[in-house]
2 protein chains.
Amino acid sequence: MQKNAIWIMCDQLRWDYLSCYGHPHLHTPNIDSLAEQGVKFNRAYVQSTVCGPSRMSAYTGRYMRSHGSTWNGVPLNAGELTLGDHLAPLGVRNVLVGKTHMVADKRGLDRLGIPHDSKIGQRIAQCGFEVYERDDGLHPDGDYDPAPDYDAYLAANGFEADNPWEHWANSAEGPNGEILNGWLWAHADKPARIPNEHAETPYMTRRAMDFIREAKADGRPWSMHLSYIKPHWPYMVSAPYHDMYCTEHLLPVVRDESERQSPHPLNRAFMDMKFSKNFSRDEVRERVIPAYMGLIKQIDDQLGLLFSFLKENGLWDSTMIIFSSDHGEYLGDHWLGEKYLYHEQSMRIPLIVYDPSPEADQSRGCASDELVELIDVAPTLVDFFGGKPATHILEGRSLTPLLRGDKPSEWREAVFSEYDYSFDPARLAVGVSARDARIFIVFDGRWKMIHSINLPPLLFDLESDPNEFDNLAENPEFQNQLNRMKELLFSWAINPPTRTTLSNEFIESFDDALQVYDSTLDEGIIIGYWDEAELEAEQKKRKDFLQQQAPAK
Amino acid sequence: MQKNAIWIMCDQLRWDYLSCYGHPHLHTPNIDSLAEQGVKFNRAYVQSTVCGPSRMSAYTGRYMRSHGSTWNGVPLNAGELTLGDHLAPLGVRNVLVGKTHMVADKRGLDRLGIPHDSKIGQRIAQCGFEVYERDDGLHPDGDYDPAPDYDAYLAANGFEADNPWEHWANSAEGPNGEILNGWLWAHADKPARIPNEHAETPYMTRRAMDFIREAKADGRPWSMHLSYIKPHWPYMVSAPYHDMYCTEHLLPVVRDESERQSPHPLNRAFMDMKFSKNFSRDEVRERVIPAYMGLIKQIDDQLGLLFSFLKENGLWDSTMIIFSSDHGEYLGDHWLGEKYLYHEQSMRIPLIVYDPSPEADQSRGCASDELVELIDVAPTLVDFFGGKPATHILEGRSLTPLLRGDKPSEWREAVFSEYDYSFDPARLAVGVSARDARIFIVFDGRWKMIHSINLPPLLFDLESDPNEFDNLAENPEFQNQLNRMKELLFSWAINPPTRTTLSNEFIESFDDALQVYDSTLDEGIIIGYWDEAELEAEQKKRKDFLQQQAPAK
């Protein structure tokens, strides 16, 4: 049976806003059903806490320090391989429906003489995806990301405007029919100006189905990245989702007065941002979070339709489905809004993998507490399609053993995440240069350490302090833990896989010969021999070895 | 006056085999004269101790961990920028005459759809150089690096053979006219079979002069990399250089019995190599080192001719000249041959920079004890030609302040070097995987620490132990030093400049605006505002700032 895969990604969906992850009021039966048929990862983390670099890590299977696209708008070097490069040799199409946040490395393409609009130029510019439909989800009246196909769709359906996305899908209406700015949180309790069927999430879900229909005719196997732009702001959702939830459905806020007393300089800088100050007001939380929840409920309903579609089309038993997010959202926890920093609300995501293979039957409905990373998805897909993940490039690990119910003899000791705050006003507030504006997060499942260049470290014990209120980094009692975590960070930092043009397997394939004779002689190179006798002796060893090997071939 | 530059590189020339660096018997008056007119760097180090990665560091201006070409034969990723990319916007030709050891990233070029023989394909394949003549210097009867132009030159001058390079230039003759294998060290005391004028170093020097003549007609400024393949083996030099030196001219061997008692596993593995065992015999040193010295003397004589040529052509006062090497050679010191490991004999090189600018007059003939690295050459050249080195890519520092006699307020604290021994039999001997077969060397001018993955560290105090005989890493007294050096290594490792597609200067150019208003509004993006009043207040700040800025433009 031909295999296919769907890699669903939500934007800014934190791990605990799904019923299968414990939310008591936000019922997501379709996502929950996926978890019941697959494996739910309870400790999944992103490699950077903002869209662009988190996604570039996901698509390259590499940590941010390796791919170098450290923030939204930082181009991914044209020389970096992405999932598409790993799937192509397996004959699998790597297709995009939705958001990537990729920015083309135009200077890199120019240097290489690659026309931006050529087939290869487009593939590089689109992060290795074959674009069925791309939509990064933000289309204000600026130069940001104008004119998605969705605009034309809205116009064709009677929702005409200079900017249909903003005017219809992301605006509300006042009591007298006046347009209300959908970016403003005060209006988050009102419905968007379009019927739900025309909203972004239903539209993109239908586009995914369109692709699947067309792909059937095409015949080649595919891996589709269905990448929703929600529940990311603007917090504006169409009816009936806008008023499904109210104050009593909110999770209790996770914050403590002590966090405001003498915060780390970086925390203070982010607490001072408007989005944090506003999210620290209960009125704001109570207005915004129900819309955030509505956007998630909308996704769940749409996934229900998609899953039915797959079943009706006989694809359910051959399609791997991965459900993920690119980072979380504070929603006022820790007196913060947005993401960026290191708390669980920001760096932890839901990750569910449904593997249709019979080998995965024994793990259906199981939860895994292993430490997993978003960079694990790319090698998992390579593995699923029968490839061998290129470990000299991909830093993630295939989740296959965990999907098959095997308890691997060793798994990773810790997860790592990074954030480049050089683009944030926070950098000016803490007085650090763009070169040094980085934080590095290492979490071993209990202890979380945050290393900053030129700023003090942070250390939390999530066992005794799951809410991360109590920074232990300056407590003399915990210096050993701090040092241990720094050692983990050192081990991670010191030897990144940068030799991406030659595999470890290739190098090690010469080991048998190397153990017997000086294999530089194979190339005619003679190093360190004194005289003819020495050389002949070694050449004899070589000849004997090669003769011995010959029949085996 | 039009500026030009010549970057001379020798191959395997250790720092102390020149009279200006203190060799008492090997007189190199021409190189010495360059030092008298320029600045001689007493503490210059390579970033890897084998040709390929050392050169890739030199040509990219980046540490090995950044460019990823970790050994001879490992392709440099097609996306990596090299000196040529930095000089091109300045209108300067980056020209090669001699060796680079670059291996083309053919898979990378194929992925990008770049034909290998296209103009851009060739430039990428040739490490960003415009090739006037390339010769990597090793042309045995294998598939190594066949048929240099030099072969045709020899044949045209009557030295015909299937392999003129090996048969004539790198062979000797026995008493009865029999051909003696020039790779074998026993024959190093005999002259090569060709007159000196046809030997490789004189030939390549003339090719450099040919280029300079043609460049005059062309008119564009140039930076020429004159990259000799000597004194690297084969240790075979033409008369009269083959018998200029004898046993009493050798530097005393630097080795101690204690080094063989309980060596570090990696030292033991390299000591067990044939080249080390042979170089540990006095008979071998006394046969080989005079030839090594002859090859250096030959280079010095040829540089005398080149320097005269520059003066005669009126180029001396406008041409920067850099003299360097890609790594050293043990020559039996520390019971080792070749390079690869961390001792001064391996990682320290001569580095002399003659800057013709009047601003450099005050430093002529000076020596600098600052810690410098071979990756400093590329930014120095950019600086010399009037460019601003791209600090988000180039990890070296322009040497200009040191050339102008300025004492910079801060210079680097330490130098770093790396070696990937996954290709060496040593890896099998120590039982480490290809992924982990790395050493990292940090040297602060006094303390040298070597960090290995999965092997014990090493620590030397070069002040009390300049010969690096006494490993202090396991001495409890020196744990603080060991930790301090590891901290230096951590700082170097944790935040490499991988954001190469966007500069720090670009990011910081928005700081003035960022201090006044929320500059995401520039793109129409509105994050975290509660209501119209909040948004309008911020938009007013923005408008006022932009109006204030406008007249300044």
# chains A, B, ... in the order shown; residues from 1 in each chain; ligands from 1
$ interface_residues --of "chain B" --to "chain A" --cutoff "7 Å" --atoms "only C-alpha atoms" --output "short mmCIF file (atom, residue, chain, number, x, y, z; two decimals) with all heavy atoms, in the first residue's frame"
data_model
loop_
_atom_site.label_atom_id
_atom_site.label_comp_id
_atom_site.auth_asym_id
_atom_site.auth_seq_id
_atom_site.Cartn_x
_atom_site.Cartn_y
_atom_site.Cartn_z
N ARG B 65 34.43 24.49 12.93
CA ARG B 65 33.09 24.11 13.40
C ARG B 65 32.02 24.91 12.66
O ARG B 65 30.85 24.57 12.69
CB ARG B 65 32.96 24.33 14.91
CG ARG B 65 33.24 25.76 15.37
CD ARG B 65 32.06 26.63 15.46
NE ARG B 65 32.44 28.04 15.60
CZ ARG B 65 32.48 28.68 16.78
NH1 ARG B 65 32.21 28.07 17.89
NH2 ARG B 65 32.82 29.96 16.82
N SER B 66 32.43 26.04 12.05
CA SER B 66 31.46 26.85 11.33
C SER B 66 31.35 26.47 9.87
O SER B 66 30.26 26.45 9.31
CB SER B 66 31.82 28.34 11.45
OG SER B 66 31.74 28.76 12.79
N GLY B 68 32.51 23.54 8.40
CA GLY B 68 32.13 22.14 8.25
C GLY B 68 32.99 21.28 7.34
O GLY B 68 32.75 20.08 7.22
N SER B 69 33.98 21.85 6.70
CA SER B 69 34.88 21.05 5.87
C SER B 69 36.02 20.58 6.77
O SER B 69 37.05 21.23 6.89
CB SER B 69 35.41 21.88 4.71
OG SER B 69 36.45 21.19 4.06
N THR B 70 35.80 19.45 7.42
CA THR B 70 36.63 19.10 8.57
C THR B 70 37.87 18.28 8.26
O THR B 70 38.66 17.99 9.16
CB THR B 70 35.81 18.32 9.61
OG1 THR B 70 35.43 17.06 8.99
CG2 THR B 70 34.55 19.07 10.02
N VAL B 74 36.71 16.65 2.35
CA VAL B 74 35.33 16.95 2.77
C VAL B 74 34.91 18.23 2.06
O VAL B 74 35.48 19.29 2.30
CB VAL B 74 35.21 17.14 4.30
CG1 VAL B 74 33.79 17.54 4.67
CG2 VAL B 74 35.63 15.86 5.02
N PRO B 75 33.91 18.14 1.18
CA PRO B 75 33.53 19.33 0.41
C PRO B 75 33.08 20.49 1.30
O PRO B 75 32.43 20.27 2.33
CB PRO B 75 32.37 18.83 -0.45
CG PRO B 75 32.54 17.35 -0.54
CD PRO B 75 33.12 16.95 0.79
N ASN B 77 30.54 23.25 1.90
CA ASN B 77 29.15 23.48 1.47
C ASN B 77 29.07 24.65 0.49
O ASN B 77 29.65 25.70 0.71
CB ASN B 77 28.30 23.76 2.72
CG ASN B 77 26.81 23.82 2.41
OD1 ASN B 77 26.37 24.55 1.54
ND2 ASN B 77 26.04 23.02 3.13
N ALA B 78 28.33 24.41 -0.61
CA ALA B 78 28.22 25.43 -1.66
C ALA B 78 27.65 26.74 -1.13
O ALA B 78 27.83 27.79 -1.75
CB ALA B 78 27.36 24.89 -2.80
N GLY B 79 26.98 26.69 0.00
CA GLY B 79 26.40 27.91 0.57
C GLY B 79 27.36 28.73 1.40
O GLY B 79 27.02 29.82 1.85
N LEU B 112 21.35 22.38 -6.27
CA LEU B 112 21.02 23.76 -6.64
C LEU B 112 20.91 23.93 -8.15
O LEU B 112 20.68 25.04 -8.64
CB LEU B 112 22.09 24.70 -6.07
CG LEU B 112 22.17 24.75 -4.54
CD1 LEU B 112 23.48 25.36 -4.06
CD2 LEU B 112 20.98 25.54 -3.96
N GLY B 113 21.10 22.82 -8.88
CA GLY B 113 20.97 22.89 -10.34
C GLY B 113 22.07 23.69 -11.01
O GLY B 113 21.87 24.24 -12.09
N ILE B 120 29.74 30.03 -12.51
CA ILE B 120 29.47 30.04 -11.07
C ILE B 120 29.81 28.70 -10.45
O ILE B 120 30.38 28.63 -9.36
CB ILE B 120 28.01 30.46 -10.80
CG1 ILE B 120 27.87 31.96 -11.10
CG2 ILE B 120 27.58 30.12 -9.38
CD1 ILE B 120 26.45 32.49 -11.01
N PRO B 140 50.32 11.39 -7.67
CA PRO B 140 50.84 10.03 -7.86
C PRO B 140 50.04 9.30 -8.94
O PRO B 140 49.06 9.84 -9.46
CB PRO B 140 50.60 9.39 -6.49
CG PRO B 140 49.40 10.10 -5.96
CD PRO B 140 49.48 11.51 -6.47
N ASP B 141 50.47 8.09 -9.23
CA ASP B 141 49.77 7.30 -10.24
C ASP B 141 48.48 6.71 -9.67
O ASP B 141 48.22 5.52 -9.79
CB ASP B 141 50.67 6.13 -10.71
CG ASP B 141 51.91 6.65 -11.41
OD1 ASP B 141 51.89 7.79 -11.91
OD2 ASP B 141 52.91 5.92 -11.43
N GLY B 142 47.70 7.48 -9.02
CA GLY B 142 46.42 6.98 -8.52
C GLY B 142 45.34 7.89 -9.06
O GLY B 142 45.50 8.49 -10.10
N ASP B 143 44.26 7.97 -8.31
CA ASP B 143 43.20 8.87 -8.79
C ASP B 143 43.19 10.14 -7.96
O ASP B 143 42.18 10.82 -7.84
CB ASP B 143 41.84 8.17 -8.68
CG ASP B 143 41.54 7.76 -7.24
OD1 ASP B 143 42.42 7.94 -6.37
OD2 ASP B 143 40.45 7.25 -6.98
N TYR B 144 44.31 10.46 -7.36
CA TYR B 144 44.31 11.55 -6.39
C TYR B 144 44.03 12.91 -6.99
O TYR B 144 43.03 13.53 -6.76
CB TYR B 144 45.63 11.57 -5.60
CG TYR B 144 45.52 12.41 -4.37
CD1 TYR B 144 44.85 11.94 -3.25
CD2 TYR B 144 46.05 13.69 -4.33
CE1 TYR B 144 44.72 12.72 -2.12
CE2 TYR B 144 45.93 14.48 -3.20
CZ TYR B 144 45.26 13.99 -2.10
OH TYR B 144 45.13 14.77 -0.99
N TRP B 183 59.10 9.34 -2.82
CA TRP B 183 58.24 9.33 -1.64
C TRP B 183 58.99 8.75 -0.42
O TRP B 183 58.59 9.01 0.72
CB TRP B 183 57.01 8.46 -1.87
CG TRP B 183 56.07 8.90 -2.95
CD1 TRP B 183 56.11 8.53 -4.26
CD2 TRP B 183 54.94 9.76 -2.81
NE1 TRP B 183 55.07 9.10 -4.94
CE2 TRP B 183 54.32 9.86 -4.07
CE3 TRP B 183 54.37 10.43 -1.72
CZ2 TRP B 183 53.19 10.63 -4.29
CZ3 TRP B 183 53.23 11.19 -1.95
CH2 TRP B 183 52.65 11.30 -3.21
N LEU B 184 60.00 7.92 -0.72
CA LEU B 184 60.69 7.21 0.37
C LEU B 184 61.75 8.10 0.99
O LEU B 184 62.55 8.72 0.29
CB LEU B 184 61.30 5.91 -0.16
CG LEU B 184 60.26 4.93 -0.75
CD1 LEU B 184 60.96 3.72 -1.38
CD2 LEU B 184 59.26 4.48 0.32
N TRP B 185 61.72 8.12 2.32
CA TRP B 185 62.57 9.07 3.02
C TRP B 185 64.06 8.73 2.91
O TRP B 185 64.90 9.62 3.06
CB TRP B 185 62.14 9.16 4.48
CG TRP B 185 60.78 9.79 4.64
CD1 TRP B 185 60.02 10.35 3.66
CD2 TRP B 185 60.05 9.95 5.85
NE1 TRP B 185 58.86 10.85 4.17
CE2 TRP B 185 58.83 10.62 5.52
CE3 TRP B 185 60.28 9.60 7.18
CZ2 TRP B 185 57.88 10.94 6.49
CZ3 TRP B 185 59.33 9.91 8.14
CH2 TRP B 185 58.13 10.57 7.80
N ALA B 186 64.35 7.48 2.65
CA ALA B 186 65.76 7.08 2.54
C ALA B 186 66.45 7.84 1.40
O ALA B 186 67.67 8.02 1.41
CB ALA B 186 65.86 5.57 2.28
N LYS B 274 53.37 4.96 11.23
CA LYS B 274 54.68 4.75 10.61
C LYS B 274 55.47 6.06 10.51
O LYS B 274 56.67 6.10 10.77
CB LYS B 274 54.50 4.13 9.23
CG LYS B 274 55.79 3.53 8.67
CD LYS B 274 55.58 2.80 7.36
CE LYS B 274 54.71 1.57 7.49
NZ LYS B 274 55.41 0.44 8.15
N PHE B 275 54.78 7.14 10.12
CA PHE B 275 55.52 8.40 9.98
C PHE B 275 56.12 8.87 11.29
O PHE B 275 57.17 9.50 11.30
CB PHE B 275 54.65 9.49 9.33
CG PHE B 275 53.30 9.72 9.96
CD1 PHE B 275 53.18 10.38 11.17
CD2 PHE B 275 52.14 9.28 9.32
CE1 PHE B 275 51.93 10.60 11.74
CE2 PHE B 275 50.88 9.51 9.89
CZ PHE B 275 50.77 10.16 11.10
N ASN B 278 59.11 6.31 12.23
CA ASN B 278 60.30 6.60 11.44
C ASN B 278 60.94 7.93 11.85
O ASN B 278 62.16 8.01 11.99
CB ASN B 278 59.98 6.59 9.94
CG ASN B 278 60.14 5.19 9.35
OD1 ASN B 278 60.94 4.38 9.86
ND2 ASN B 278 59.39 4.90 8.30
N PHE B 423 39.13 10.33 10.16
CA PHE B 423 39.70 9.69 8.97
C PHE B 423 41.00 8.93 9.30
O PHE B 423 41.54 8.24 8.44
CB PHE B 423 39.98 10.74 7.90
CG PHE B 423 38.73 11.44 7.42
CD1 PHE B 423 38.18 12.50 8.13
CD2 PHE B 423 38.09 11.01 6.27
CE1 PHE B 423 37.02 13.13 7.70
CE2 PHE B 423 36.93 11.63 5.82
CZ PHE B 423 36.40 12.69 6.54
N PRO B 425 43.59 6.28 11.33
CA PRO B 425 43.56 5.02 12.06
C PRO B 425 43.51 5.25 13.57
O PRO B 425 43.03 4.39 14.32
CB PRO B 425 44.88 4.35 11.66
CG PRO B 425 45.28 4.99 10.37
CD PRO B 425 44.73 6.39 10.42
N ALA B 434 33.12 8.12 14.38
CA ALA B 434 33.45 9.22 13.47
C ALA B 434 32.75 10.51 13.91
O ALA B 434 33.27 11.61 13.75
CB ALA B 434 33.05 8.87 12.03
N ARG B 435 31.56 10.38 14.48
CA ARG B 435 30.82 11.54 14.95
C ARG B 435 31.55 12.28 16.06
O ARG B 435 31.46 13.50 16.17
CB ARG B 435 29.45 11.06 15.46
CG ARG B 435 28.57 12.06 16.16
CD ARG B 435 27.99 13.06 15.19
NE ARG B 435 27.15 14.06 15.84
CZ ARG B 435 27.61 15.17 16.38
NH1 ARG B 435 28.90 15.46 16.36
NH2 ARG B 435 26.78 16.04 16.96
N PHE B 490 33.89 26.95 26.28
CA PHE B 490 32.42 27.04 26.30
C PHE B 490 31.94 28.34 25.65
O PHE B 490 31.05 28.33 24.80
CB PHE B 490 31.92 26.95 27.76
CG PHE B 490 30.43 27.09 27.91
CD1 PHE B 490 29.63 25.97 27.84
CD2 PHE B 490 29.84 28.33 28.10
CE1 PHE B 490 28.24 26.09 27.97
CE2 PHE B 490 28.47 28.46 28.22
CZ PHE B 490 27.66 27.34 28.16
N ALA B 493 32.24 28.07 22.05
CA ALA B 493 31.38 27.06 21.42
C ALA B 493 29.91 27.44 21.42
O ALA B 493 29.17 27.07 20.52
CB ALA B 493 31.56 25.71 22.12
N ILE B 494 29.47 28.17 22.42
CA ILE B 494 28.04 28.28 22.65
C ILE B 494 27.33 29.18 21.63
O ILE B 494 26.16 28.95 21.32
CB ILE B 494 27.74 28.78 24.10
CG1 ILE B 494 26.26 28.63 24.45
CG2 ILE B 494 28.18 30.20 24.33
CD1 ILE B 494 25.79 27.22 24.55
N THR B 498 26.21 31.90 13.32
CA THR B 498 25.56 31.12 12.26
C THR B 498 24.48 31.92 11.54
O THR B 498 23.99 31.49 10.52
CB THR B 498 24.93 29.83 12.83
OG1 THR B 498 24.07 30.17 13.90
CG2 THR B 498 25.99 28.89 13.34
N ARG B 499 24.12 33.08 12.09
CA ARG B 499 23.14 33.93 11.41
C ARG B 499 23.88 34.72 10.32
O ARG B 499 24.14 35.91 10.44
CB ARG B 499 22.46 34.87 12.40
CG ARG B 499 21.17 35.48 11.84
CD ARG B 499 20.99 36.96 12.18
NE ARG B 499 20.96 37.28 13.57
CZ ARG B 499 21.88 38.05 14.15
NH1 ARG B 499 22.91 38.50 13.46
NH2 ARG B 499 21.79 38.35 15.42
N THR B 500 24.28 33.98 9.25
CA THR B 500 25.16 34.57 8.23
C THR B 500 24.38 35.30 7.15
O THR B 500 24.98 35.96 6.31
CB THR B 500 26.00 33.47 7.57
OG1 THR B 500 25.12 32.49 7.03
CG2 THR B 500 26.94 32.83 8.56
N THR B 501 23.06 35.17 7.15
CA THR B 501 22.28 35.81 6.09
C THR B 501 21.77 37.20 6.48
O THR B 501 21.11 37.85 5.67
CB THR B 501 21.07 34.92 5.68
OG1 THR B 501 20.31 34.63 6.85
CG2 THR B 501 21.54 33.63 5.03
N LEU B 502 22.06 37.63 7.68
CA LEU B 502 21.60 38.96 8.11
C LEU B 502 22.62 39.51 9.12
O LEU B 502 22.97 38.83 10.07
CB LEU B 502 20.22 38.84 8.78
CG LEU B 502 19.33 40.08 8.75
CD1 LEU B 502 18.80 40.32 7.33
CD2 LEU B 502 18.17 39.91 9.69
N ASN B 504 24.57 41.90 12.00
CA ASN B 504 24.26 42.57 13.26
C ASN B 504 24.01 44.06 13.03
O ASN B 504 23.13 44.65 13.67
CB ASN B 504 25.43 42.38 14.23
CG ASN B 504 25.62 40.92 14.59
OD1 ASN B 504 24.65 40.25 14.94
ND2 ASN B 504 26.83 40.42 14.51
N ILE B 507 20.45 44.70 11.96
CA ILE B 507 19.52 44.60 13.08
C ILE B 507 19.62 45.84 13.97
O ILE B 507 18.61 46.43 14.35
CB ILE B 507 19.80 43.32 13.90
CG1 ILE B 507 19.54 42.08 13.03
CG2 ILE B 507 18.97 43.28 15.17
CD1 ILE B 507 20.02 40.78 13.64
N GLU B 508 20.84 46.26 14.24
CA GLU B 508 21.03 47.39 15.15
C GLU B 508 20.67 48.73 14.50
O GLU B 508 20.53 49.74 15.20
CB GLU B 508 22.47 47.38 15.70
CG GLU B 508 22.67 46.20 16.66
CD GLU B 508 24.12 46.00 17.11
OE1 GLU B 508 25.01 46.69 16.59
OE2 GLU B 508 24.34 45.14 18.00
N LEU B 514 13.47 51.79 17.61
CA LEU B 514 12.99 50.82 18.61
C LEU B 514 12.92 51.44 20.00
O LEU B 514 12.10 51.04 20.83
CB LEU B 514 13.97 49.63 18.62
CG LEU B 514 13.44 48.26 18.97
CD1 LEU B 514 12.30 47.85 18.06
CD2 LEU B 514 14.57 47.22 18.88
N GLU B 523 5.23 47.52 9.71
CA GLU B 523 4.76 46.51 8.76
C GLU B 523 3.26 46.29 8.84
O GLU B 523 2.73 45.37 8.21
CB GLU B 523 5.48 45.19 9.02
CG GLU B 523 6.96 45.23 8.62
CD GLU B 523 7.70 43.99 9.05
OE1 GLU B 523 7.38 43.44 10.13
OE2 GLU B 523 8.60 43.55 8.30
N GLY B 524 2.61 47.09 9.64
CA GLY B 524 1.16 46.95 9.78
C GLY B 524 0.77 45.91 10.82
O GLY B 524 -0.41 45.63 11.01
N ILE B 525 1.76 45.36 11.48
CA ILE B 525 1.49 44.32 12.49
C ILE B 525 1.20 44.98 13.83
O ILE B 525 1.95 45.85 14.27
CB ILE B 525 2.73 43.39 12.65
CG1 ILE B 525 3.15 42.79 11.31
CG2 ILE B 525 2.47 42.33 13.71
CD1 ILE B 525 2.31 41.65 10.84
N ILE B 526 0.13 44.56 14.46
CA ILE B 526 -0.30 45.19 15.72
C ILE B 526 -0.37 44.10 16.79
O ILE B 526 -1.25 43.24 16.75
CB ILE B 526 -1.70 45.85 15.53
CG1 ILE B 526 -1.62 46.89 14.40
CG2 ILE B 526 -2.20 46.47 16.83
CD1 ILE B 526 -3.00 47.32 13.87
N ILE B 527 0.56 44.11 17.71
CA ILE B 527 0.64 43.03 18.70
C ILE B 527 0.40 43.56 20.10
O ILE B 527 1.16 44.39 20.60
CB ILE B 527 2.05 42.37 18.71
CG1 ILE B 527 2.50 42.01 17.31
CG2 ILE B 527 2.03 41.13 19.62
CD1 ILE B 527 3.93 41.44 17.27
N GLY B 528 -0.63 43.07 20.70
CA GLY B 528 -0.78 43.28 22.14
C GLY B 528 -1.52 44.54 22.55
O GLY B 528 -1.51 44.88 23.73
N TYR B 529 -2.17 45.22 21.61
CA TYR B 529 -2.90 46.45 21.97
C TYR B 529 -4.33 46.11 22.37
O TYR B 529 -4.99 45.29 21.75
CB TYR B 529 -2.91 47.43 20.79
CG TYR B 529 -1.52 47.96 20.50
CD1 TYR B 529 -0.60 47.17 19.81
CD2 TYR B 529 -1.13 49.20 20.97
CE1 TYR B 529 0.67 47.64 19.58
CE2 TYR B 529 0.14 49.69 20.75
CZ TYR B 529 1.05 48.89 20.04
OH TYR B 529 2.31 49.35 19.82
N TRP B 530 -4.75 46.81 23.41
CA TRP B 530 -6.09 46.54 23.91
C TRP B 530 -7.17 47.22 23.06
O TRP B 530 -8.06 46.57 22.56
CB TRP B 530 -6.19 47.01 25.37
CG TRP B 530 -7.58 46.95 25.95
CD1 TRP B 530 -8.36 48.00 26.33
CD2 TRP B 530 -8.36 45.77 26.19
NE1 TRP B 530 -9.56 47.56 26.80
CE2 TRP B 530 -9.59 46.18 26.73
CE3 TRP B 530 -8.12 44.40 26.02
CZ2 TRP B 530 -10.59 45.30 27.09
CZ3 TRP B 530 -9.12 43.51 26.38
CH2 TRP B 530 -10.34 43.96 26.90
N ASP B 531 -7.01 48.56 22.86
CA ASP B 531 -8.09 49.27 22.17
C ASP B 531 -7.54 50.37 21.28
O ASP B 531 -6.33 50.56 21.16
CB ASP B 531 -9.10 49.82 23.19
CG ASP B 531 -8.45 50.82 24.14
OD1 ASP B 531 -7.27 51.18 23.93
OD2 ASP B 531 -9.12 51.23 25.11
#
$ select_by_dssp --residues "region 325-480 of chain B" --states "strand (DSSP E or B)" --output "PyMOL selection string"
chain B and resi 325+348-354+366-373+415-420+438-443+447-452+455-461
$ residues_around --residues "Leu315 (chain A)" --least-positions-apart "2" --cutoff "12 Å" --atoms "only C-alpha atoms" --output "PyMOL selection string"
chain A and resi 1-6+209+212-213+215-216+221-222+306-313+317-321+356
$ select_by_dssp --residues "region 160-396 of chain A" --states "alpha helix (DSSP H)" --output "PyMOL selection string"
chain A and resi 164+200-218+258-261+265-271+274-279+282-312+344-347+377-384
$ residues_around --residues "region 150-163 of chain A" --least-positions-apart "3" --cutoff "8 Å" --atoms "only C-alpha atoms" --output "list in words"
Asp135, His139, Pro140, Asp141, Ala147, Glu166, His167, Trp168, His198, Glu200 and Tyr203 of chain A
$ write_last_selection --atoms "C-alpha atoms" --output "compact mmCIF listing (two decimals), in the first residue's frame"
# COMPACT_ATOMS: atom_id res chain seq x y z
CA ASP A 135 -0.22 31.43 3.48
CA HIS A 139 -1.66 40.27 5.66
CA PRO A 140 -2.09 43.76 7.05
CA ASP A 141 -2.05 46.87 4.88
CA ALA A 147 -2.24 39.11 -1.23
CA GLU A 166 -8.18 42.15 7.16
CA HIS A 167 -11.51 43.70 6.26
CA TRP A 168 -13.60 40.54 6.43
CA HIS A 198 -15.11 31.04 4.75
CA GLU A 200 -9.06 30.68 7.32
CA TYR A 203 -10.56 27.21 3.92
$ decode --residues "region 59-63 of chain A" --atoms "N, CA, C and O atoms" --output "PDB file, in the first residue's frame"
ATOM      1  N   TYR A  59      11.809  22.083   9.827  1.00  0.00           N
ATOM      2  CA  TYR A  59      11.916  21.700   8.413  1.00  0.00           C
ATOM      3  C   TYR A  59      13.318  21.208   8.047  1.00  0.00           C
ATOM      4  O   TYR A  59      13.486  20.439   7.104  1.00  0.00           O
ATOM      5  N   THR A  60      14.347  21.714   8.765  1.00  0.00           N
ATOM      6  CA  THR A  60      15.709  21.220   8.502  1.00  0.00           C
ATOM      7  C   THR A  60      16.049  20.018   9.383  1.00  0.00           C
ATOM      8  O   THR A  60      17.019  19.318   9.104  1.00  0.00           O
ATOM      9  N   GLY A  61      15.295  19.811  10.459  1.00  0.00           N
ATOM     10  CA  GLY A  61      15.647  18.776  11.435  1.00  0.00           C
ATOM     11  C   GLY A  61      16.899  19.128  12.220  1.00  0.00           C
ATOM     12  O   GLY A  61      17.584  18.254  12.729  1.00  0.00           O
ATOM     13  N   ARG A  62      17.177  20.426  12.316  1.00  0.00           N
ATOM     14  CA  ARG A  62      18.421  20.868  12.963  1.00  0.00           C
ATOM     15  C   ARG A  62      18.155  21.986  13.983  1.00  0.00           C
ATOM     16  O   ARG A  62      17.220  22.764  13.843  1.00  0.00           O
ATOM     17  N   TYR A  63      19.039  22.040  14.979  1.00  0.00           N
ATOM     18  CA  TYR A  63      18.926  23.115  15.955  1.00  0.00           C
ATOM     19  C   TYR A  63      19.167  24.469  15.295  1.00  0.00           C
ATOM     20  O   TYR A  63      19.835  24.560  14.259  1.00  0.00           O
TER      21      TYR A  63
END
